[in-house]
Number of protein chains: 2
Amino acid sequence: MVQFSPAHLDATFAALSDATRRGVLEQLGRADASITELADKFHMTPTGMKKHVGVLEQAGLVTTQKVGRVRTCKLGLSRLADETAWIEEYRRLWDSRFDALDQIVEELKQRKTLDGRRQTE
Amino acid sequence: MVQFSPAHLDATFAALSDATRRGVLEQLGRADASITELADKFHMTPTGMKKHVGVLEQAGLVTTQKVGRVRTCKLGLSRLADETAWIEEYRRLWDSRFDALDQIVEELKQRKTLDGRRQTE
């Protein structure tokens, strides 16, 4: 496999492992929003939302900017490129593993058919 | 966004958020292995490895089978299809967001050039 920074992948996948945080990313994909707006949208306290946004920010998925008393959240620069690359490589490994298994099953089937023919001959 | 089962995505992304667990998946992508073999490979106790494998098993990424005293681990049936689909949709949103931003920057640049020209006229 290509070498990716383990800590970076750990942080992103952990950030993505929560439905609210994924929802926040989808929301910010449509429009920037303040912590208060996100908290309202996801029916939680601003403090709870701030924690979720903090996790996303640490993973580079969100950036925030405070102007006066309002903290506005935007999508960060991470386009999940490394995460996509890791998953793609995994799927390639998975496919080759299961293709090999298919081949074995196919061979077993053919052997069974041959055995069946021999028995009826 | 397409609706995915949130609990399922939570479990998979959490399973992927650890370098050892990703390493185990890469390893099983090459060959099946027992808990003991995996523990040796990743320099940890069999008990520690069993916990990691448990998390992967819960997420459908690994299956295990005990024959006698040996528990063999194989890749599970999950090909990370939903996870890939979620990330792909996120990247589409991200692209459209940043394309919109590019357009604004382009417009601001053109306006600045026009203003510059006006000032020199």
# chains A, B, ... in the order shown; residues from 1 in each chain; ligands from 1

$ closest_atom_pairs --of "chain A" --to "chain B" --cutoff "6 Å" --atoms "only C-alpha atoms" --output "JSON lines"
{"residue": "A:Pro6", "atom": "CA", "partner": "B:Ala19", "partner_atom": "CA", "distance": 5.6}
{"residue": "A:Asp10", "atom": "CA", "partner": "B:Ser17", "partner_atom": "CA", "distance": 4.2}
{"residue": "A:Phe13", "atom": "CA", "partner": "B:Ser17", "partner_atom": "CA", "distance": 4.7}
{"residue": "A:Ala14", "atom": "CA", "partner": "B:Ser17", "partner_atom": "CA", "distance": 5.1}
{"residue": "A:Ser17", "atom": "CA", "partner": "B:Asp10", "partner_atom": "CA", "distance": 4.2}
{"residue": "A:Asp18", "atom": "CA", "partner": "B:Asp10", "partner_atom": "CA", "distance": 5.4}
{"residue": "A:Ala19", "atom": "CA", "partner": "B:Pro6", "partner_atom": "CA", "distance": 5.7}
{"residue": "A:Gly29", "atom": "CA", "partner": "B:Leu93", "partner_atom": "CA", "distance": 5.1}
{"residue": "A:Leu93", "atom": "CA", "partner": "B:Gly29", "partner_atom": "CA", "distance": 5.1}
{"residue": "A:Trp94", "atom": "CA", "partner": "B:Gly29", "partner_atom": "CA", "distance": 5.8}

$ write_last_selection --atoms "all heavy atoms" --output "compact mmCIF listing (two decimals), in the first residue's frame"
# COMPACT_ATOMS: atom_id res chain seq x y z
N PRO A 6 -0.13 8.04 9.18
CA PRO A 6 -1.14 7.32 9.98
C PRO A 6 -1.95 8.24 10.87
O PRO A 6 -3.17 8.11 10.95
CB PRO A 6 -0.30 6.35 10.80
CG PRO A 6 1.03 6.25 10.13
CD PRO A 6 1.23 7.57 9.47
N ASP A 10 -5.91 8.59 10.92
CA ASP A 10 -6.61 8.32 12.19
C ASP A 10 -7.59 9.46 12.49
O ASP A 10 -8.76 9.21 12.80
CB ASP A 10 -5.62 8.24 13.36
CG ASP A 10 -4.84 6.93 13.41
OD1 ASP A 10 -4.91 6.16 12.43
OD2 ASP A 10 -4.15 6.69 14.41
N PHE A 13 -10.62 9.72 9.80
CA PHE A 13 -11.62 8.65 9.92
C PHE A 13 -12.38 8.77 11.26
O PHE A 13 -13.59 8.54 11.31
CB PHE A 13 -10.98 7.27 9.77
CG PHE A 13 -10.66 6.90 8.34
CD1 PHE A 13 -9.40 6.42 7.96
CD2 PHE A 13 -11.63 7.01 7.35
CE1 PHE A 13 -9.11 6.08 6.64
CE2 PHE A 13 -11.35 6.67 6.02
CZ PHE A 13 -10.08 6.20 5.67
N ALA A 14 -11.67 9.17 12.33
CA ALA A 14 -12.35 9.35 13.62
C ALA A 14 -13.37 10.49 13.50
O ALA A 14 -14.49 10.39 14.01
CB ALA A 14 -11.34 9.64 14.72
N SER A 17 -16.52 9.37 11.91
CA SER A 17 -17.23 8.24 12.53
C SER A 17 -18.43 8.68 13.38
O SER A 17 -18.86 7.95 14.26
CB SER A 17 -16.26 7.43 13.40
OG SER A 17 -15.92 8.18 14.56
N ASP A 18 -18.95 9.86 13.12
CA ASP A 18 -20.08 10.37 13.88
C ASP A 18 -21.08 11.01 12.92
O ASP A 18 -20.72 11.89 12.12
CB ASP A 18 -19.57 11.40 14.90
CG ASP A 18 -20.69 11.95 15.75
OD1 ASP A 18 -21.41 12.85 15.28
OD2 ASP A 18 -20.86 11.46 16.89
N ALA A 19 -22.34 10.58 13.02
CA ALA A 19 -23.38 11.02 12.08
C ALA A 19 -23.57 12.54 12.11
O ALA A 19 -23.78 13.16 11.07
CB ALA A 19 -24.69 10.31 12.37
N GLY A 29 -21.14 22.03 3.11
CA GLY A 29 -20.96 21.85 1.67
C GLY A 29 -21.99 22.65 0.89
O GLY A 29 -21.83 22.92 -0.29
N LEU A 93 -7.19 -4.58 -3.16
CA LEU A 93 -6.75 -5.79 -2.44
C LEU A 93 -7.93 -6.74 -2.26
O LEU A 93 -7.83 -7.94 -2.48
CB LEU A 93 -6.23 -5.41 -1.05
CG LEU A 93 -4.78 -4.96 -0.89
CD1 LEU A 93 -4.53 -4.48 0.53
CD2 LEU A 93 -3.83 -6.12 -1.21
N TRP A 94 -9.07 -6.17 -1.82
CA TRP A 94 -10.28 -6.95 -1.54
C TRP A 94 -10.71 -7.69 -2.81
O TRP A 94 -11.00 -8.89 -2.77
CB TRP A 94 -11.37 -5.98 -1.08
CG TRP A 94 -12.58 -6.62 -0.45
CD1 TRP A 94 -12.80 -6.79 0.89
CD2 TRP A 94 -13.73 -7.14 -1.12
NE1 TRP A 94 -14.02 -7.38 1.09
CE2 TRP A 94 -14.61 -7.61 -0.12
CE3 TRP A 94 -14.12 -7.26 -2.45
CZ2 TRP A 94 -15.85 -8.19 -0.41
CZ3 TRP A 94 -15.34 -7.84 -2.74
CH2 TRP A 94 -16.18 -8.30 -1.74

$ select_by_dssp --residues "stretch 4-70 of chain A" --states "strand (DSSP E or B)" --output "JSON, numbers by chain"
{"A": [33, 34, 62, 63, 64, 65, 66, 67, 70]}

$ select_by_dssp --residues "stretch 8-120 of chain A" --states "helix (DSSP H, G or I)" --output "tab-separated table (two decimals) with C-alpha atoms, in the first residue's frame"
chain	number	residue	atom	x	y	z
A	8	HIS	CA	-3.64	12.13	9.70
A	9	LEU	CA	-5.80	9.19	8.54
A	10	ASP	CA	-6.61	8.32	12.19
A	11	ALA	CA	-7.89	11.86	12.79
A	12	THR	CA	-9.99	12.06	9.62
A	13	PHE	CA	-11.62	8.65	9.92
A	14	ALA	CA	-12.35	9.35	13.62
A	15	ALA	CA	-13.89	12.70	12.63
A	16	LEU	CA	-16.08	10.91	10.06
A	19	ALA	CA	-23.38	11.02	12.08
A	20	THR	CA	-23.66	14.60	13.40
A	21	ARG	CA	-20.17	15.48	12.23
A	22	ARG	CA	-20.87	14.01	8.77
A	23	GLY	CA	-24.11	16.03	8.76
A	24	VAL	CA	-22.18	19.22	9.60
A	25	LEU	CA	-19.85	18.60	6.63
A	26	GLU	CA	-22.83	18.08	4.30
A	27	GLN	CA	-24.39	21.27	5.66
A	28	LEU	CA	-21.19	23.31	5.17
A	29	GLY	CA	-20.96	21.85	1.67
A	30	ARG	CA	-24.12	23.81	0.92
A	35	ILE	CA	-21.86	27.42	15.54
A	36	THR	CA	-25.27	28.61	16.76
A	37	GLU	CA	-26.95	27.87	13.41
A	38	LEU	CA	-25.38	24.39	13.32
A	39	ALA	CA	-26.38	23.74	16.96
A	40	ASP	CA	-30.00	24.67	16.14
A	41	LYS	CA	-30.03	22.57	13.00
A	46	PRO	CA	-23.71	25.36	21.15
A	47	THR	CA	-21.15	23.80	23.55
A	48	GLY	CA	-21.87	20.31	22.16
A	49	MET	CA	-21.63	21.59	18.59
A	50	LYS	CA	-18.38	23.43	19.37
A	51	LYS	CA	-16.82	20.10	20.40
A	52	HIS	CA	-17.89	18.41	17.16
A	53	VAL	CA	-16.60	21.35	15.11
A	54	GLY	CA	-13.32	21.17	17.09
A	55	VAL	CA	-12.85	17.52	16.04
A	56	LEU	CA	-13.55	18.42	12.39
A	57	GLU	CA	-11.16	21.39	12.62
A	58	GLN	CA	-8.37	19.23	14.07
A	81	ALA	CA	-7.81	12.67	-1.02
A	82	ASP	CA	-5.64	10.41	1.18
A	83	GLU	CA	-8.70	8.73	2.67
A	84	THR	CA	-10.10	8.03	-0.80
A	85	ALA	CA	-6.71	6.70	-1.94
A	86	TRP	CA	-6.47	4.39	1.09
A	87	ILE	CA	-9.99	3.03	0.52
A	88	GLU	CA	-9.33	2.57	-3.22
A	89	GLU	CA	-6.20	0.55	-2.52
A	90	TYR	CA	-8.09	-1.52	0.03
A	91	ARG	CA	-10.82	-2.25	-2.52
A	92	ARG	CA	-8.20	-3.35	-5.03
A	93	LEU	CA	-6.75	-5.79	-2.44
A	94	TRP	CA	-10.28	-6.95	-1.54
A	95	ASP	CA	-11.17	-7.56	-5.21
A	96	SER	CA	-8.03	-9.57	-5.87
A	97	ARG	CA	-8.65	-11.64	-2.70
A	98	PHE	CA	-12.25	-12.41	-3.68
A	99	ASP	CA	-11.35	-13.00	-7.33
A	100	ALA	CA	-8.89	-15.63	-6.11
A	101	LEU	CA	-11.68	-17.15	-4.01
A	102	ASP	CA	-14.05	-17.14	-7.00
A	103	GLN	CA	-11.43	-18.98	-9.01
A	104	ILE	CA	-11.08	-21.66	-6.32
A	105	VAL	CA	-14.88	-22.07	-6.14
A	106	GLU	CA	-15.00	-22.30	-9.95
A	107	GLU	CA	-12.30	-24.99	-9.97
A	108	LEU	CA	-14.10	-26.95	-7.24
A	109	LYS	CA	-17.34	-26.76	-9.26
A	110	GLN	CA	-15.61	-28.01	-12.43
A	111	ARG	CA	-13.96	-30.84	-10.47
A	112	LYS	CA	-17.35	-31.80	-9.03
A	113	THR	CA	-18.91	-31.84	-12.51
A	114	LEU	CA	-16.06	-34.04	-13.79
A	115	ASP	CA	-16.42	-36.39	-10.79
A	116	GLY	CA	-20.19	-36.55	-11.42
A	117	ARG	CA	-19.58	-37.46	-15.08
A	118	ARG	CA	-17.07	-40.13	-14.12
A	119	GLN	CA	-19.55	-41.68	-11.69
A	120	THR	CA	-22.29	-41.85	-14.32

$ atom_distance --atom1 "atom CA of B:Ala59" --atom2 "atom CA of A:Val62"
26.4 Å

$ atom_distance --atom1 "atom CA of A:Gly60" --atom2 "atom CA of A:His43"
24.2 Å
